[in-house]
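K.L.:
Data: query-v8.txt, compact mmCIF, C-alpha atoms.
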```txt
# COMPACT_ATOMS: atom_id res chain seq x y z
CA MET Q 163 -24.96 -13.47 -4.98
CA ALA Q 164 -23.89 -13.14 -8.62
CA LYS Q 165 -23.17 -16.37 -10.43
CA VAL Q 166 -19.58 -17.27 -11.22
CA LYS Q 167 -18.94 -16.65 -14.93
CA VAL Q 168 -17.07 -19.39 -16.78
CA LEU Q 169 -15.64 -19.35 -20.30
CA ILE Q 170 -15.15 -22.73 -22.01
CA VAL Q 171 -12.37 -22.96 -24.59
CA GLU Q 172 -12.72 -26.41 -26.17
CA ASP Q 173 -12.59 -27.42 -29.84
CA GLU Q 174 -14.48 -30.71 -29.42
CA SER Q 175 -18.12 -29.67 -29.56
CA ILE Q 176 -19.46 -32.77 -27.76
CA VAL Q 177 -17.01 -32.35 -24.88
CA ALA Q 178 -17.76 -28.62 -24.70
CA LYS Q 179 -21.50 -29.32 -24.51
CA ASP Q 180 -21.05 -31.86 -21.70
CA ILE Q 181 -18.94 -29.38 -19.74
CA GLN Q 182 -21.51 -26.64 -20.26
CA ASN Q 183 -24.34 -28.87 -18.99
CA SER Q 184 -22.30 -29.84 -15.93
CA LEU Q 185 -21.48 -26.23 -15.10
CA LYS Q 186 -25.10 -25.15 -15.38
CA LYS Q 187 -26.06 -28.00 -13.04
CA PHE Q 188 -23.68 -26.59 -10.41
CA GLY Q 189 -25.07 -23.07 -10.80
CA TYR Q 190 -22.29 -21.50 -12.86
CA LEU Q 191 -22.98 -19.05 -15.69
CA VAL Q 192 -21.30 -20.08 -18.95
CA THR Q 193 -20.52 -16.86 -20.81
CA ALA Q 194 -19.61 -18.67 -24.03
CA THR Q 195 -18.07 -21.77 -25.59
CA VAL Q 196 -15.33 -21.06 -28.12
CA SER Q 197 -13.03 -23.35 -30.09
CA ASN Q 198 -9.76 -21.43 -30.42
CA GLY Q 199 -7.47 -18.97 -28.68
CA GLU Q 200 -8.28 -16.00 -30.89
CA LYS Q 201 -12.00 -16.24 -30.14
CA ALA Q 202 -11.23 -16.82 -26.46
CA LEU Q 203 -9.30 -13.55 -26.16
CA GLN Q 204 -12.09 -11.67 -27.90
CA GLU Q 205 -14.70 -13.18 -25.57
CA ILE Q 206 -12.60 -12.39 -22.49
CA GLU Q 207 -12.28 -8.78 -23.61
CA GLU Q 208 -16.06 -8.46 -23.91
CA GLU Q 209 -17.36 -10.55 -20.99
CA ARG Q 210 -14.52 -10.74 -18.44
CA PRO Q 211 -15.30 -14.22 -17.03
CA ASP Q 212 -14.26 -15.17 -13.50
CA VAL Q 213 -12.51 -18.37 -14.56
CA ILE Q 214 -11.56 -20.07 -17.84
CA LEU Q 215 -11.59 -23.78 -18.71
CA MET Q 216 -8.98 -24.15 -21.45
CA ASP Q 217 -8.17 -27.18 -23.59
CA ILE Q 218 -4.42 -27.39 -24.13
CA MET Q 219 -4.58 -28.66 -27.71
CA LEU Q 220 -6.66 -26.13 -29.66
CA LYS Q 221 -7.20 -25.70 -33.36
CA GLY Q 222 -6.01 -22.42 -34.80
CA LYS Q 223 -2.84 -20.36 -34.57
CA MET Q 224 -2.48 -20.53 -30.77
CA THR Q 225 -2.38 -23.48 -28.42
CA GLY Q 226 -4.18 -23.37 -25.10
CA ILE Q 227 -0.86 -22.80 -23.36
CA GLU Q 228 -0.01 -19.80 -25.54
CA THR Q 229 -3.50 -18.39 -25.02
CA ALA Q 230 -3.23 -18.87 -21.25
CA LYS Q 231 0.03 -16.90 -21.15
CA ILE Q 232 -1.70 -13.95 -22.82
CA VAL Q 233 -4.66 -14.26 -20.45
CA LYS Q 234 -2.37 -14.13 -17.41
CA THR Q 235 -0.46 -11.09 -18.65
CA ARG Q 236 -3.34 -9.08 -20.05
CA PHE Q 237 -6.33 -10.04 -17.91
CA ASP Q 238 -5.10 -11.91 -14.80
CA ILE Q 239 -8.00 -14.38 -14.87
CA PRO Q 240 -7.47 -17.91 -13.49
CA VAL Q 241 -7.14 -20.62 -16.15
CA ILE Q 242 -7.78 -24.33 -15.58
CA PHE Q 243 -6.35 -26.60 -18.25
CA LEU Q 244 -8.34 -29.49 -19.70
CA THR Q 245 -6.31 -32.14 -21.47
CA ALA Q 246 -6.22 -35.78 -22.50
CA TYR Q 247 -2.42 -35.68 -22.23
CA ALA Q 248 -0.71 -36.38 -18.92
CA ASP Q 249 2.88 -36.86 -20.13
CA ASP Q 250 5.75 -34.94 -18.53
CA SER Q 251 6.44 -32.89 -21.65
CA THR Q 252 2.89 -31.51 -21.82
CA LEU Q 253 2.80 -30.90 -18.08
CA ASN Q 254 6.11 -29.02 -18.08
CA SER Q 255 4.98 -26.86 -20.99
CA ALA Q 256 1.70 -26.09 -19.25
CA LYS Q 257 3.39 -25.06 -15.97
CA VAL Q 258 5.06 -22.09 -17.66
CA SER Q 259 1.70 -20.31 -17.96
CA GLU Q 260 1.04 -20.84 -14.22
CA PRO Q 261 -2.48 -22.34 -14.48
CA TYR Q 262 -4.76 -22.59 -11.47
CA GLY Q 263 -5.67 -26.20 -12.24
CA TYR Q 264 -4.97 -29.13 -14.51
CA ILE Q 265 -7.73 -31.67 -15.22
CA ILE Q 266 -7.11 -34.89 -17.11
CA LYS Q 267 -9.86 -36.06 -19.48
CA PRO Q 268 -12.13 -37.86 -18.94
CA PHE Q 269 -13.05 -36.28 -15.62
CA LYS Q 270 -15.94 -36.44 -13.19
CA GLU Q 271 -18.40 -33.57 -12.69
CA LYS Q 272 -17.41 -33.14 -9.04
CA GLU Q 273 -13.76 -32.85 -10.03
CA LEU Q 274 -14.70 -30.02 -12.36
CA GLN Q 275 -16.58 -28.15 -9.64
CA THR Q 276 -13.81 -28.68 -7.08
CA SER Q 277 -11.15 -27.40 -9.47
CA ILE Q 278 -13.14 -24.25 -10.19
CA GLU Q 279 -13.77 -23.45 -6.52
CA VAL Q 280 -10.13 -24.03 -5.58
CA ALA Q 281 -8.95 -21.86 -8.49
CA LEU Q 282 -11.26 -19.00 -7.51
CA TYR Q 283 -10.16 -19.18 -3.87
CA LYS Q 284 -6.46 -19.28 -4.75
CA HIS Q 285 -6.83 -16.39 -7.19
CA GLU Q 286 -8.57 -14.27 -4.55
CA LYS Q 287 -5.72 -14.94 -2.12
CA ASP Q 288 -3.15 -14.09 -4.80
CA LEU Q 289 -4.89 -10.76 -5.38
CA GLN Q 290 -4.75 -9.99 -1.65
CA VAL Q 291 -1.02 -10.73 -1.57
CA LYS Q 292 -0.50 -8.49 -4.61
CA LYS Q 293 -2.40 -5.63 -2.94
CA GLU Q 294 -0.27 -5.96 0.18
CA ARG Q 295 2.91 -6.04 -1.91
CA ASP Q 296 1.79 -2.91 -3.75
CA LEU Q 297 1.07 -1.25 -0.43
CA TYR Q 298 4.55 -1.99 0.93
CA HIS Q 299 6.08 -0.78 -2.31
CA SER Q 300 4.16 2.49 -2.07
CA ILE Q 301 5.20 2.91 1.56
CA ILE Q 302 8.87 2.42 0.70
CA GLU Q 303 8.64 4.81 -2.25
CA ASN Q 304 6.99 7.53 -0.21
CA LYS Q 305 9.42 7.13 2.64
CA GLU Q 306 11.89 8.94 0.42
CA SER Q 307 9.75 12.08 0.66
CA LYS Q 308 10.22 11.93 4.45
CA ASP Q 309 6.90 13.62 5.15
CA SER Q 310 4.17 11.06 4.44
CA ILE Q 311 3.17 7.48 3.76
CA PHE Q 312 0.35 5.93 1.77
CA VAL Q 313 -1.93 3.40 3.45
CA ARG Q 314 -4.46 1.24 1.61
CA ALA Q 315 -7.98 1.47 3.06
CA ASP Q 316 -11.43 1.28 1.47
CA TYR Q 317 -9.89 0.05 -1.80
CA ARG Q 318 -7.72 3.13 -2.25
CA LEU Q 319 -4.39 4.50 -1.12
CA ASN Q 320 -4.70 7.22 1.50
CA LYS Q 321 -1.90 9.72 2.04
CA ILE Q 322 -1.05 10.34 5.69
CA ASN Q 323 1.40 13.04 6.67
CA PHE Q 324 3.77 12.00 9.45
CA ASP Q 325 2.87 15.18 11.34
CA ASP Q 326 -0.76 14.07 11.45
CA ILE Q 327 -0.04 10.71 13.09
CA PHE Q 328 -0.66 10.70 16.85
CA TYR Q 329 0.15 7.09 17.63
CA VAL Q 330 0.29 3.60 16.12
CA GLU Q 331 -1.23 0.58 17.84
CA ALA Q 332 -0.55 -3.13 17.24
CA LEU Q 333 -3.62 -5.30 16.64
CA LYS Q 334 -2.73 -8.98 16.07
CA ASP Q 335 -1.47 -9.17 12.47
CA TYR Q 336 -2.38 -5.54 11.76
CA VAL Q 337 -1.50 -2.08 12.98
CA VAL Q 338 -3.83 0.87 13.41
CA ILE Q 339 -2.47 4.30 12.48
CA ASN Q 340 -4.34 6.97 14.45
CA THR Q 341 -4.59 10.59 13.34
CA SER Q 342 -6.55 13.47 14.87
CA ASP Q 343 -9.80 12.56 13.11
CA ASN Q 344 -9.34 9.11 11.63
CA SER Q 345 -7.71 5.70 11.95
CA PHE Q 346 -6.31 3.41 9.25
CA THR Q 347 -5.84 -0.34 9.65
CA THR Q 348 -3.17 -2.04 7.55
CA HIS Q 349 -1.59 -5.49 7.40
CA THR Q 350 1.98 -5.00 8.64
CA THR Q 351 4.07 -5.23 11.81
CA MET Q 352 5.26 -2.81 14.47
CA LYS Q 353 8.84 -3.62 13.50
CA GLU Q 354 8.09 -2.47 9.95
CA MET Q 355 6.38 0.71 11.22
CA VAL Q 356 9.45 1.54 13.34
CA ARG Q 357 11.55 1.21 10.19
CA ILE Q 358 9.20 3.37 8.11
CA LEU Q 359 8.41 6.21 10.54
CA PRO Q 360 11.08 8.93 10.95
CA SER Q 361 13.03 8.14 14.12
CA LYS Q 362 13.47 11.81 15.02
CA ASP Q 363 9.72 12.15 15.62
CA PHE Q 364 8.52 8.70 16.65
CA VAL Q 365 9.45 6.38 19.48
CA ARG Q 366 8.20 3.00 20.59
CA VAL Q 367 6.91 3.23 24.15
CA HIS Q 368 5.38 -0.22 24.50
CA ARG Q 369 5.38 -3.46 22.51
CA SER Q 370 1.93 -2.41 21.26
CA PHE Q 371 2.39 1.35 20.81
CA ILE Q 372 4.50 3.84 18.86
CA VAL Q 373 3.90 7.53 19.60
CA ASN Q 374 4.66 10.82 17.91
CA LEU Q 375 6.90 12.69 20.35
CA ASN Q 376 5.31 15.97 19.28
CA LYS Q 377 1.85 14.71 20.32
CA ILE Q 378 2.68 13.77 23.93
CA PHE Q 379 0.69 15.93 26.36
CA SER Q 380 1.98 14.57 29.67
CA ILE Q 381 3.84 11.64 31.20
CA LYS Q 382 3.36 10.02 34.58
CA TYR Q 383 4.99 6.63 34.57
CA PRO Q 384 3.73 4.02 33.76
CA ASP Q 385 1.41 6.02 31.44
CA LEU Q 386 1.51 8.90 29.01
CA VAL Q 387 -1.29 11.03 27.56
CA ILE Q 388 -1.63 11.93 23.90
CA GLU Q 389 -2.70 15.54 23.31
CA GLY Q 390 -5.95 16.33 21.53
CA LYS Q 391 -7.30 12.82 21.94
CA MET Q 392 -6.23 12.75 25.61
CA LYS Q 393 -5.65 9.06 25.04
CA VAL Q 394 -3.83 7.29 27.88
CA LEU Q 395 -1.19 4.84 26.67
CA PRO Q 396 1.01 2.51 28.73
CA ILE Q 397 4.78 2.81 28.89
CA GLY Q 398 6.57 -0.53 28.82
CA GLY Q 399 9.46 -0.96 31.23
CA LEU Q 400 11.82 -1.98 28.43
CA TYR Q 401 11.01 1.22 26.50
CA ARG Q 402 11.05 3.75 29.36
CA LYS Q 403 14.75 4.61 29.10
CA GLU Q 404 14.59 5.24 25.36
CA LEU Q 405 11.50 7.43 25.74
CA TYR Q 406 13.00 9.58 28.47
CA GLY Q 407 16.22 9.87 26.52
CA ARG Q 408 14.32 11.37 23.59
CA LEU Q 409 12.62 14.10 25.65
CA ASN Q 410 13.89 17.62 26.21
CA LEU Q 411 13.94 17.53 29.99
CA ILE Q 412 14.64 20.53 32.24
```
Show the structure stored in the file as structure tokens.

P.N.:
Amino acid sequence: MAKVKVLIVEDESIVAKDIQNSLKKFGYLVTATVSNGEKALQEIEEERPDVILMDIMLKGKMTGIETAKIVKTRFDIPVIFLTAYADDSTLNSAKVSEPYGYIIKPFKEKELQTSIEVALYKHEKDLQVKKERDLYHSIIENKESKDSIFVRADYRLNKINFDDIFYVEALKDYVVINTSDNSFTTHTTMKEMVRILPSKDFVRVHRSFIVNLNKIFSIKYPDLVIEGKMKVLPIGGLYRKELYGRLNLI
């Protein structure tokens, strides 16, 4: 496993050296130790660390708080503030940059390690939430085209035409969208899928299944068969009336 890369932004050389020694002891890779915000931004551009330890009071044109705001906007890398100041004014100013940690000097080595691990974990979760939000946004945008949706899978957005969807299946906190030759798992709900899929072509037949009306091969209650795949799906009693009402019966 690759080592976690840490950038130290601290203008007190003795403190910076102590932090560097502590980080190496815990197995982290220190990419550099810099003393001001300008050098920090340059180092981030070149090395892209995983996390940044930032002193709030830095020498130079930018404070640690101002530097952290730029880091969040431009690079989205978690910043942990280091400071000897614990007053309300400093804390309120620091909160604006949304740091992933706030350590008061002097601190213990274990506190440093714990703060880094928590920051990395929280940042990873934030990225997952952002990906899901982007996915929902793309789904809503593409609903306007009325012929397809985009689903995130394998770190990319995959376009799926509504006509190619055979059925959708609920799977705990996810749904699986099944086409003729593939399946796509995404983090959403059946209620959301009912809202997104065009109602003229899709109907919910069970609390765990939505089917494309054009892909139904045969029905013999309490089951139906999906053409091509010849997949047998159950028909829930609460959904039977709606299903039959959507069919062209003779």

K.L.:
Interatomic distance between atom CA of Pro384 of chain Q and atom CA of Pro396 of chain Q?

P.N.:
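Here the two named atoms are 5.9 Å from each other.
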
K.L.:
Measuring atom to atom with only C-alpha atoms, identify which of Q:Lys167, Q:Lys382, Q:Thr229, Q:Asn198 is nearest to Arg210 of chain Q.

P.N.:
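Going through Q:Lys167, Q:Lys382, Q:Thr229, Q:Asn198 one by one, the smallest distance to Arg210 of chain Q is for Q:Lys167.
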
K.L.:
Mind pulling up the distance from atom CA of Val291 of chain Q to atom CA of Glu208 of chain Q?

P.N.:
27.0 Å

K.L.:
Rounded to one decimal place, report the atom CA of Ile227 of chain Q-atom CA of Arg295 of chain Q distance in Å.

P.N.:
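Taking atom CA of Ile227 of chain Q as the start and atom CA of Arg295 of chain Q as the end point, the length is 27.5 Å.
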
K.L.:
Starting from the sparse input, extend segment 174-192 of chain Q to N, CA and C atoms and give the output as a short mmCIF file (atom, residue, chain, number, x, y, z; two decimals), in the coordinates of the input.

P.N.:
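Listing of selection_34.cif after writing:
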```cif
data_model
loop_
_atom_site.label_atom_id
_atom_site.label_comp_id
_atom_site.auth_asym_id
_atom_site.auth_seq_id
_atom_site.Cartn_x
_atom_site.Cartn_y
_atom_site.Cartn_z
N GLU Q 174 -13.62 -29.55 -29.21
CA GLU Q 174 -14.48 -30.71 -29.42
C GLU Q 174 -15.88 -30.36 -28.94
N SER Q 175 -16.79 -30.18 -29.87
CA SER Q 175 -18.12 -29.67 -29.56
C SER Q 175 -18.88 -30.55 -28.56
N ILE Q 176 -18.74 -31.86 -28.68
CA ILE Q 176 -19.46 -32.77 -27.76
C ILE Q 176 -18.93 -32.60 -26.34
N VAL Q 177 -17.62 -32.54 -26.20
CA VAL Q 177 -17.01 -32.35 -24.88
C VAL Q 177 -17.42 -31.00 -24.31
N ALA Q 178 -17.39 -29.96 -25.14
CA ALA Q 178 -17.76 -28.62 -24.70
C ALA Q 178 -19.20 -28.59 -24.19
N LYS Q 179 -20.09 -29.29 -24.90
CA LYS Q 179 -21.50 -29.32 -24.51
C LYS Q 179 -21.67 -30.03 -23.17
N ASP Q 180 -20.97 -31.13 -22.98
CA ASP Q 180 -21.05 -31.86 -21.70
C ASP Q 180 -20.57 -30.98 -20.54
N ILE Q 181 -19.48 -30.26 -20.78
CA ILE Q 181 -18.94 -29.38 -19.74
C ILE Q 181 -19.95 -28.28 -19.42
N GLN Q 182 -20.53 -27.71 -20.44
CA GLN Q 182 -21.51 -26.64 -20.26
C GLN Q 182 -22.70 -27.13 -19.43
N ASN Q 183 -23.20 -28.31 -19.74
CA ASN Q 183 -24.34 -28.87 -18.99
C ASN Q 183 -23.96 -29.11 -17.52
N SER Q 184 -22.75 -29.59 -17.30
CA SER Q 184 -22.30 -29.84 -15.93
C SER Q 184 -22.19 -28.54 -15.14
N LEU Q 185 -21.65 -27.52 -15.77
CA LEU Q 185 -21.48 -26.23 -15.10
C LEU Q 185 -22.82 -25.61 -14.74
N LYS Q 186 -23.77 -25.69 -15.65
CA LYS Q 186 -25.10 -25.15 -15.38
C LYS Q 186 -25.75 -25.89 -14.21
N LYS Q 187 -25.50 -27.19 -14.12
CA LYS Q 187 -26.06 -28.00 -13.04
C LYS Q 187 -25.54 -27.52 -11.68
N PHE Q 188 -24.28 -27.06 -11.65
CA PHE Q 188 -23.68 -26.59 -10.41
C PHE Q 188 -23.95 -25.11 -10.14
N GLY Q 189 -24.69 -24.46 -11.03
CA GLY Q 189 -25.07 -23.07 -10.80
C GLY Q 189 -24.14 -22.03 -11.38
N TYR Q 190 -23.19 -22.46 -12.23
CA TYR Q 190 -22.29 -21.50 -12.86
C TYR Q 190 -22.95 -20.90 -14.11
N LEU Q 191 -22.49 -19.71 -14.48
CA LEU Q 191 -22.98 -19.05 -15.69
C LEU Q 191 -21.91 -19.18 -16.78
N VAL Q 192 -22.23 -19.91 -17.83
CA VAL Q 192 -21.30 -20.08 -18.95
C VAL Q 192 -21.46 -18.89 -19.89
#
```
